[in-house]
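File shown: target.txt (compact mmCIF, C-alpha atoms).
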# COMPACT_ATOMS: atom_id res chain seq x y z
CA MET B 1 19.82 -7.40 56.73
CA SER B 2 19.24 -4.03 55.10
CA VAL B 3 17.93 -3.76 51.54
CA GLU B 4 18.48 -0.66 49.38
CA LEU B 5 15.67 0.38 47.07
CA ASP B 6 15.61 3.15 44.49
CA VAL B 7 12.14 4.71 44.51
CA PHE B 8 10.88 7.34 42.14
CA VAL B 9 7.40 8.84 42.53
CA GLY B 10 5.87 10.87 39.73
CA ASN B 11 2.65 11.68 37.97
CA THR B 12 3.42 11.65 34.24
CA THR B 13 4.48 8.28 32.82
CA ILE B 14 8.06 8.55 31.60
CA MET B 15 8.66 7.12 28.15
CA ASP B 16 11.91 7.32 26.24
CA GLU B 17 11.20 7.39 22.48
CA GLU B 18 14.46 5.61 21.68
CA VAL B 19 13.68 2.76 24.10
CA TYR B 20 10.13 2.57 22.70
CA GLN B 21 11.61 2.11 19.22
CA PHE B 22 13.89 -0.69 20.50
CA TRP B 23 10.84 -2.40 21.99
CA LEU B 24 8.86 -2.02 18.75
CA ASP B 25 11.80 -3.34 16.72
CA GLY B 26 11.84 -6.50 18.83
CA TYR B 27 15.12 -5.87 20.67
CA THR B 28 15.64 -7.80 23.91
CA VAL B 29 16.31 -5.75 27.05
CA ASN B 30 19.99 -6.76 26.89
CA ASP B 31 20.31 -5.65 23.25
CA ALA B 32 18.58 -2.36 23.99
CA VAL B 33 20.89 -1.71 26.98
CA LYS B 34 23.94 -2.48 24.83
CA VAL B 35 22.89 -0.02 22.10
CA ARG B 36 22.07 2.66 24.68
CA MET B 37 25.49 2.23 26.31
CA GLU B 38 27.23 2.44 22.94
CA GLY B 39 25.31 5.66 22.33
CA GLY B 40 26.94 7.22 25.39
CA VAL B 41 23.84 7.45 27.60
CA LEU B 42 25.83 6.48 30.74
CA GLU B 43 28.15 9.48 30.42
CA GLU B 44 25.23 11.72 29.48
CA CYS B 45 23.15 10.80 32.54
CA GLU B 46 26.01 9.91 34.89
CA ALA B 47 24.32 6.59 35.61
CA SER B 48 25.62 3.07 36.21
CA ALA B 49 24.99 0.07 33.94
CA GLU B 50 22.66 -1.40 36.60
CA VAL B 51 20.51 1.73 36.66
CA LEU B 52 20.38 1.77 32.86
CA ARG B 53 19.27 -1.85 32.77
CA SER B 54 16.65 -1.21 35.46
CA ASP B 55 15.34 1.82 33.56
CA THR B 56 15.14 -0.14 30.28
CA MET B 57 13.31 -3.06 31.93
CA ASP B 58 10.89 -0.67 33.62
CA GLN B 59 10.07 1.04 30.32
CA TYR B 60 9.65 -2.30 28.54
CA ARG B 61 7.11 -3.31 31.23
CA THR B 62 5.24 -0.02 30.72
CA PHE B 63 5.09 -0.55 26.96
CA GLN B 64 3.84 -4.12 27.41
CA MET B 65 1.06 -2.87 29.71
CA CYS B 66 0.15 -0.15 27.19
CA GLU B 67 0.05 -2.60 24.28
CA ARG B 68 -3.53 -3.80 24.83
CA LEU B 69 -4.66 -0.14 24.80
CA LEU B 70 -2.78 0.44 21.54
CA HIS B 71 -4.89 -2.31 19.94
CA SER B 72 -7.86 0.07 20.36
CA PRO B 73 -6.17 3.50 20.34
CA ALA B 74 -9.26 5.45 21.46
CA LYS B 75 -8.97 3.66 24.84
CA LEU B 76 -5.56 5.23 25.41
CA ALA B 77 -7.10 8.68 25.84
CA ASN B 78 -9.80 7.46 28.24
CA GLN B 79 -7.76 5.25 30.60
CA LEU B 80 -6.54 6.43 34.01
CA LEU B 81 -3.69 3.99 34.65
CA PHE B 82 -1.05 5.95 32.71
CA GLN B 83 -0.77 9.73 32.69
CA ILE B 84 0.33 10.27 29.10
CA PRO B 85 0.10 13.74 27.49
CA PRO B 86 -1.89 13.87 24.19
CA HIS B 87 1.19 14.50 22.00
CA ARG B 88 2.85 11.44 23.52
CA GLN B 89 -0.26 9.34 22.92
CA THR B 90 -0.15 10.38 19.27
CA MET B 91 3.51 9.34 19.05
CA LEU B 92 2.86 5.97 20.73
CA ILE B 93 -0.02 5.12 18.37
CA GLU B 94 1.64 6.32 15.16
CA ARG B 95 4.86 4.43 15.86
CA TYR B 96 3.05 1.28 16.99
CA TYR B 97 1.20 1.12 13.66
CA THR B 98 4.16 2.20 11.52
CA PHE B 99 5.57 -0.71 9.48
CA ASP B 100 8.72 -1.58 7.56
CA GLY B 101 8.49 -1.18 3.79
CA VAL B 102 10.52 -4.36 3.21
CA PHE B 103 8.17 -6.34 5.47
CA VAL B 104 4.88 -5.15 4.00
CA ARG B 105 6.25 -5.76 0.49
CA GLU B 106 6.58 -9.47 1.36
CA VAL B 107 3.00 -9.92 2.60
CA LEU B 108 1.16 -7.42 0.36
CA GLY B 109 -1.78 -9.05 -1.40
CA LYS B 110 -1.58 -12.24 0.67
CA LYS B 111 -4.43 -13.48 2.81
CA LEU B 112 -4.09 -12.14 6.38
CA SER B 113 -4.50 -15.62 7.84
CA LYS B 114 -2.77 -18.07 10.18
CA GLY B 115 -1.12 -19.68 7.16
CA THR B 116 0.64 -16.44 6.21
CA LYS B 117 1.56 -15.81 9.85
CA LYS B 118 3.32 -19.19 9.98
CA ASP B 119 5.62 -18.00 7.17
CA LEU B 120 6.81 -14.97 9.14
CA ASP B 121 9.98 -16.81 10.24
CA ASP B 122 11.05 -16.90 6.59
CA VAL B 123 10.01 -13.27 6.03
CA SER B 124 12.03 -12.23 9.09
CA ALA B 125 15.13 -14.07 7.83
CA LYS B 126 14.73 -12.56 4.35
CA THR B 127 14.09 -8.95 5.41
CA GLY B 128 16.21 -8.67 8.55
CA VAL B 129 13.16 -7.47 10.53
CA THR B 130 12.96 -9.29 13.88
CA LEU B 131 10.28 -11.99 14.18
CA LYS B 132 8.65 -10.13 17.08
CA SER B 133 8.37 -6.97 14.97
CA CYS B 134 7.06 -8.97 11.98
CA ARG B 135 4.32 -10.43 14.18
CA ARG B 136 3.34 -7.02 15.56
CA GLN B 137 3.11 -5.54 12.07
CA PHE B 138 1.17 -8.51 10.69
CA ASP B 139 -1.27 -8.46 13.62
CA ASN B 140 -1.80 -4.73 13.06
CA PHE B 141 -2.67 -5.34 9.40
CA LYS B 142 -5.10 -8.06 10.41
CA ARG B 143 -6.67 -5.96 13.18
CA VAL B 144 -7.28 -2.97 10.91
CA PHE B 145 -8.67 -5.25 8.18
CA LYS B 146 -11.17 -6.86 10.59
CA VAL B 147 -12.40 -3.55 12.00
CA VAL B 148 -12.95 -1.73 8.69
CA GLU B 149 -14.44 -4.83 7.05
CA GLU B 150 -17.62 -4.24 9.09
CA LEU B 151 -17.90 -0.49 8.47
CA LYS B 152 -19.73 1.61 5.91
CA GLY B 153 -18.19 4.75 4.46
CA PRO B 154 -14.79 5.83 3.12
CA LEU B 155 -12.00 3.38 3.90
CA VAL B 156 -9.23 5.92 4.66
CA GLU B 157 -11.49 7.97 6.91
CA ASN B 158 -12.69 4.89 8.81
CA ILE B 159 -9.09 3.81 9.46
CA ARG B 160 -8.09 7.33 10.51
CA GLN B 161 -10.98 7.70 12.95
CA HIS B 162 -10.86 4.24 14.53
CA PHE B 163 -7.08 3.98 14.86
CA LEU B 164 -6.25 7.69 15.22
CA LEU B 165 -3.54 7.51 12.55
CA SER B 166 -2.09 10.29 10.41
CA ASP B 167 -3.62 10.71 6.96
CA LYS B 168 -0.52 9.26 5.25
CA LEU B 169 -0.42 6.15 7.44
CA ALA B 170 -4.21 5.67 7.13
CA ARG B 171 -3.84 5.75 3.32
CA ASP B 172 -1.07 3.15 3.49
CA TYR B 173 -3.28 0.88 5.61
CA ALA B 174 -6.15 1.40 3.16
CA ALA B 175 -3.84 0.10 0.40
CA ILE B 176 -2.92 -2.96 2.52
CA VAL B 177 -6.61 -3.71 3.24
CA PHE B 178 -7.53 -3.23 -0.44
CA PHE B 179 -4.75 -5.54 -1.64
CA ALA B 180 -5.57 -8.21 0.96
CA ASN B 181 -9.25 -8.12 0.01
CA ASN B 182 -8.67 -8.39 -3.75
CA ARG B 183 -5.64 -10.69 -3.39
CA PHE B 184 -3.59 -8.86 -6.03
CA GLU B 185 -0.46 -10.80 -7.02
CA THR B 186 2.63 -8.79 -6.06
CA GLY B 187 5.23 -11.51 -5.43
CA LYS B 188 6.15 -12.57 -8.96
CA LYS B 189 9.72 -11.87 -10.05
CA LYS B 190 8.63 -9.37 -12.72
CA LEU B 191 7.06 -7.22 -10.01
CA HIS B 192 10.01 -7.27 -7.58
CA TYR B 193 11.25 -3.89 -8.80
CA LEU B 194 8.06 -2.20 -7.54
CA THR B 195 8.05 -0.79 -4.00
CA PHE B 196 5.19 -0.78 -1.53
CA GLN B 197 4.68 2.93 -2.22
CA ASP B 198 4.31 2.20 -5.96
CA PHE B 199 1.53 -0.26 -5.14
CA ALA B 200 0.00 2.04 -2.50
CA PHE B 201 -0.30 4.82 -5.09
CA CYS B 202 -2.04 2.46 -7.51
CA ALA B 203 -4.36 1.24 -4.74
CA GLY B 204 -5.36 4.85 -4.11
CA GLN B 205 -6.20 5.28 -7.79
CA LEU B 206 -8.26 2.09 -7.92
CA ILE B 207 -10.11 2.91 -4.69
CA SER B 208 -10.94 6.46 -5.84
CA ASN B 209 -12.13 5.50 -9.32
CA TRP B 210 -13.11 1.84 -9.70
CA THR B 211 -14.84 0.90 -6.44
CA VAL B 212 -18.50 1.30 -5.56
CA GLY B 213 -17.43 4.11 -3.24
CA ALA B 214 -16.26 6.14 -6.22
CA LEU B 215 -19.99 6.72 -6.88
CA ASP B 216 -21.65 6.45 -3.45
CA ASN B 217 -19.58 6.83 -0.30
CA MET B 218 -22.05 5.29 2.15
CA LEU B 219 -22.43 1.82 0.69
CA GLU B 220 -21.23 -1.43 2.28
CA ASP B 221 -17.62 -2.38 1.46
CA MET B 222 -17.52 0.74 -0.66
CA ASP B 223 -13.79 1.18 -0.94
CA VAL B 224 -12.78 -2.48 -0.79
CA ASP B 225 -14.61 -4.14 -3.69
CA LEU B 226 -14.32 -3.15 -7.35
CA GLU B 227 -17.67 -2.08 -8.82
CA LYS B 228 -19.11 -5.09 -10.71
CA GLU B 229 -21.25 -3.03 -13.09
CA PHE B 230 -18.23 -0.98 -14.16
CA LEU B 231 -16.14 -4.13 -14.70
CA GLN B 232 -18.97 -5.51 -16.85
CA ASP B 233 -19.12 -2.27 -18.87
CA LEU B 234 -15.40 -2.58 -19.64
CA LYS B 235 -16.18 -5.46 -22.00
CA GLU B 236 -17.72 -2.86 -24.35
CA LEU B 237 -14.24 -1.44 -24.95
CA LYS B 238 -13.29 -4.52 -27.00
CA ILE B 239 -14.79 -2.86 -30.05
CA LEU B 240 -11.61 -0.74 -30.17
CA ILE B 241 -9.61 -3.83 -31.15
CA THR B 242 -12.21 -6.13 -32.76
CA ASP B 243 -13.48 -3.53 -35.25
CA LYS B 244 -10.63 -3.26 -37.80
CA ASP B 245 -11.75 0.15 -39.09
CA LEU B 246 -11.93 1.56 -35.59
CA LEU B 247 -8.51 0.12 -34.71
CA ASP B 248 -6.94 1.62 -37.86
CA GLN B 249 -8.65 4.96 -37.27
CA HIS B 250 -7.47 5.06 -33.64
CA LYS B 251 -3.91 4.27 -34.72
CA SER B 252 -3.98 6.97 -37.38
CA LEU B 253 -5.18 9.65 -34.93
CA VAL B 254 -2.61 8.72 -32.28
CA CYS B 255 0.30 8.55 -34.75
CA THR B 256 -0.64 11.88 -36.34
CA ALA B 257 -0.57 13.49 -32.90
CA LEU B 258 2.78 11.88 -31.98
CA ARG B 259 4.72 12.34 -35.22
CA GLY B 260 7.78 14.57 -34.70
CA LYS B 261 7.35 14.71 -30.93
CA THR B 262 9.39 11.68 -29.80
CA LYS B 263 12.44 9.66 -30.85
CA ALA B 264 10.45 6.49 -30.16
CA PHE B 265 7.82 7.30 -32.82
CA ASN B 266 8.73 4.43 -35.17
CA GLU B 267 8.42 1.88 -32.37
CA MET B 268 5.14 3.45 -31.19
CA GLU B 269 3.69 3.22 -34.69
CA ALA B 270 4.90 -0.36 -35.28
CA ASN B 271 3.62 -1.62 -31.91
CA PHE B 272 0.38 0.37 -31.66
CA LYS B 273 -1.98 -2.53 -32.34
CA ASN B 274 -0.24 -4.94 -29.95
CA LEU B 275 -0.15 -2.33 -27.17
CA SER B 276 -3.78 -1.38 -27.70
CA ARG B 277 -4.85 -5.03 -27.66
CA GLY B 278 -2.91 -5.49 -24.42
CA LEU B 279 -4.65 -2.61 -22.60
CA VAL B 280 -8.14 -3.35 -23.92
CA ASN B 281 -7.87 -7.09 -23.18
CA ILE B 282 -6.86 -6.31 -19.59
CA ALA B 283 -10.06 -4.25 -19.28
CA ALA B 284 -12.28 -6.92 -20.83
CA LYS B 285 -11.03 -9.67 -18.49
CA LEU B 286 -11.49 -7.86 -15.16
CA THR B 287 -14.83 -9.57 -14.47
CA ASN B 288 -12.79 -12.71 -13.65
CA THR B 289 -11.34 -12.88 -10.13
CA LYS B 290 -8.08 -14.44 -11.35
CA ASP B 291 -7.56 -11.66 -13.89
CA VAL B 292 -8.15 -9.04 -11.18
CA ARG B 293 -5.41 -10.74 -9.15
CA ASP B 294 -3.08 -10.65 -12.17
CA PHE B 295 -3.82 -6.97 -12.94
CA PHE B 296 -0.29 -5.71 -12.16
CA ILE B 297 1.46 -8.64 -13.87
CA ASP B 298 -0.65 -8.01 -16.99
CA LEU B 299 0.22 -4.29 -17.01
CA VAL B 300 3.92 -5.16 -16.82
CA GLU B 301 3.86 -7.99 -19.39
CA LYS B 302 1.41 -6.51 -21.92
CA PHE B 303 2.52 -2.89 -21.84
CA ILE B 304 5.44 -1.85 -19.62
CA GLU B 305 7.95 -4.52 -20.76
CA PRO B 306 7.39 -3.97 -24.53
CA CYS B 307 7.84 -0.21 -24.03
CA ARG B 308 10.91 -0.70 -21.91
CA SER B 309 12.50 -2.97 -24.52
CA ASP B 310 11.93 -0.20 -27.09
CA LYS B 311 13.67 2.22 -24.70
CA TRP B 312 10.76 4.59 -24.17
CA THR B 313 11.41 7.33 -21.63
CA ALA B 314 8.88 8.23 -18.92
CA GLY B 315 8.13 11.31 -21.04
CA ASP B 316 7.42 9.10 -24.08
CA MET B 317 5.06 7.00 -21.98
CA ARG B 318 3.12 10.03 -20.72
CA LEU B 319 2.86 11.47 -24.25
CA TYR B 320 1.67 8.20 -25.76
CA LEU B 321 -0.93 7.44 -23.08
CA THR B 322 -2.30 10.99 -23.21
CA HIS B 323 -2.88 10.87 -26.98
CA TYR B 324 -4.00 7.24 -26.89
CA THR B 325 -6.70 8.15 -24.34
CA ASN B 326 -7.79 11.46 -25.90
CA SER B 327 -7.91 10.22 -29.49
CA ALA B 328 -10.70 7.75 -28.64
CA HIS B 329 -13.01 10.75 -28.15
CA ILE B 330 -12.70 11.65 -31.83
CA LEU B 331 -13.71 8.20 -33.08
CA ASP B 332 -17.16 8.60 -34.66
CA THR B 333 -18.58 5.16 -33.89
CA PHE B 334 -17.09 4.74 -30.41
CA LYS B 335 -19.84 5.38 -27.85
CA HIS B 336 -18.22 4.39 -24.55
CA GLN B 337 -16.23 7.51 -23.68
CA VAL B 338 -17.32 7.69 -20.02
CA VAL B 339 -16.25 4.11 -19.27
CA TRP B 340 -13.09 4.62 -21.36
CA ASP B 341 -12.03 7.71 -19.40
CA ARG B 342 -12.75 6.02 -16.07
CA TYR B 343 -10.63 3.05 -17.14
CA MET B 344 -7.76 4.88 -18.82
CA GLY B 345 -7.45 7.53 -16.10
CA VAL B 346 -6.41 4.82 -13.64
CA ILE B 347 -4.38 2.84 -16.17
CA LYS B 348 -2.37 5.89 -17.19
CA SER B 349 -1.65 6.90 -13.56
CA CYS B 350 -0.62 3.36 -12.57
CA ILE B 351 1.59 2.76 -15.60
CA LEU B 352 3.39 6.09 -15.15
CA LYS B 353 4.03 5.22 -11.49
CA MET B 354 5.18 1.68 -12.37
CA TYR B 355 7.37 2.68 -15.33
CA HIS B 356 10.90 3.17 -14.04
CA ASP B 357 12.82 4.00 -17.23
Could you express the structure from this file as structure tokens?
Amino acid sequence: MSVELDVFVGNTTIMDEEVYQFWLDGYTVNDAVKVRMEGGVLEECEASAEVLRSDTMDQYRTFQMCERLLHSPAKLANQLLFQIPPHRQTMLIERYYTFDGVFVREVLGKKLSKGTKKDLDDVSAKTGVTLKSCRRQFDNFKRVFKVVEELKGPLVENIRQHFLLSDKLARDYAAIVFFANNRFETGKKKLHYLTFQDFAFCAGQLISNWTVGALDNMLEDMDVDLEKEFLQDLKELKILITDKDLLDQHKSLVCTALRGKTKAFNEMEANFKNLSRGLVNIAAKLTNTKDVRDFFIDLVEKFIEPCRSDKWTAGDMRLYLTHYTNSAHILDTFKHQVVWDRYMGVIKSCILKMYHD
């Protein structure tokens, strides 16, 4: 009995980017073949359905064999099993670690543990991302977290060097690690309108200005933990709301600067004390772990929602926060300008990013 075999001998490992994406997205071989056929690949290559299926299966096997190398991307460049050009290696790594915004939004701030992984069936059903893809993305988050947890130095740079990711993707992973470490609450209904990129921007601000690494970039856990001494110093800001004369003086300076510059002036003047108490109380409570976790909820409830109900525009918000921050420098008896600027610089940036008018 004769047996026909199709044999192809080559040096460079052949990888179809479209098939790679199907594999990453958790498609079965049959589903991938179906999509490829619908895309007209048979006519394009003058191939039969059997050959297309064989090609897809072969590439899936190659990707599965490469996967253990992708867990430690530096190994991909040093292995001899697959002849993969450098630009292809870059593509394989970047795509393997790329994640879906809807997926990361569901797990952001949660503990990267077995308990969370058990809930991925529900996340898959809710987001439409296949369970296989959800597991890959979750395992990637966990892997990056574990590696950088042990390292000194800048978080983004450590991720970039160890996982060979682009600067943008490394920054996104830094945000995921930072949120997982500090367990920020992101799942409450009031925060549903915020995207992962909104949170990632805020994480970048917090990492650059409020962590130990903002002062010394070679300390342990430098970009993951908020600086305790700074959080303690924030309690000093309470004088802005507990000293009645200082509160009145601050209000007067801000309102003088705003008068005639915005349609929302009357609301700004009427609500000044409540808004100021909201922002200063958030600062004073950040020594408590629970209040750190509720940071974004507090910003929305104490500041963003009141402003939104008064129909402030994004321009109104920028104007108010600029004068609110700067006017504190003119207060004679207020001696905590350095801490104030470090606090309000981040608060202003985060609120402006989170305020969708």
Excluding same-chain residues fewer than 6 positions from Lys353 in chain B, what lies within 12 Å of it counting all atoms listed in the file, as a list in words?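 Near neighbours after the sequence-gap exclusion: Tyr193, Leu194, Thr195, Phe196, Gln197, Asp198, Phe199, Ala200, Phe201, Cys202, Ala203, Gly204, Gln205, Phe296, Leu299, Val300, Ile304, Ala314, Met317, Arg318, Val346 and Ile347 of chain B.
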Residue among B:Lys34, B:Gly39, B:Lys126, B:Arg136 lying closest to Leu70 in chain B, counting all atoms listed in the file: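 Counting all atoms listed in the file, the residue closest to Leu70 in chain B is B:Arg136.
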Excluding same-chain residues fewer than 5 positions from range 240-249 of chain B, what lies within 9 Å of it counting only C-alpha atoms, as a list in words? Val254, Lys273, Ser276, Arg277, Val280, Asn281, Ala328, Leu331, Asp332, Thr333 and Phe334 of chain B
One-decimal distance in Å that lies between CA of Gly260 in chain B and CA of Trp340 in chain B: 26.7 Å
Given the choices B:Ala283, B:Ile14, B:Leu24, B:Leu237, which gets closest to Gln59 in chain B if the distance is worked out from all atoms listed in the file? B:Ile14
Skip range 157-167 of chain B itself and residues of its chain fewer than 4 positions away, then list as a ChimeraX atom specification all residues within 10 Å of it, counting all atoms listed in the file. /B:70-74,89-91,93-95,97-98,144-145,147-148,151-153,171-174
Every residue with an atom at most 12 Å from (8.7, 5.7, -31.7) (file coordinates; all atoms listed in the file) is what I'm after, so could you write them as a list in words?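 So the residues meeting the distance criterion are Val254, Cys255, Leu258, Arg259, Gly260, Lys261, Thr262, Lys263, Ala264, Phe265, Asn266, Glu267, Met268, Glu269, Ala270, Asn271, Phe272, Cys307, Arg308, Ser309, Asp310, Lys311, Trp312, Thr313, Asp316, Met317, Leu319 and Tyr320 of chain B.
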Adding 6 Å on each side of the box along x, y and z that holds all listed atoms of range 241-246 of chain B, could you give its centre and edge lengths in Å to one decimal, as lines of an AutoDock Vina configuration file?
center_x = -11.5
center_y = -2.3
center_z = -35.1
size_x = 15.9
size_y = 19.7
size_z = 19.9
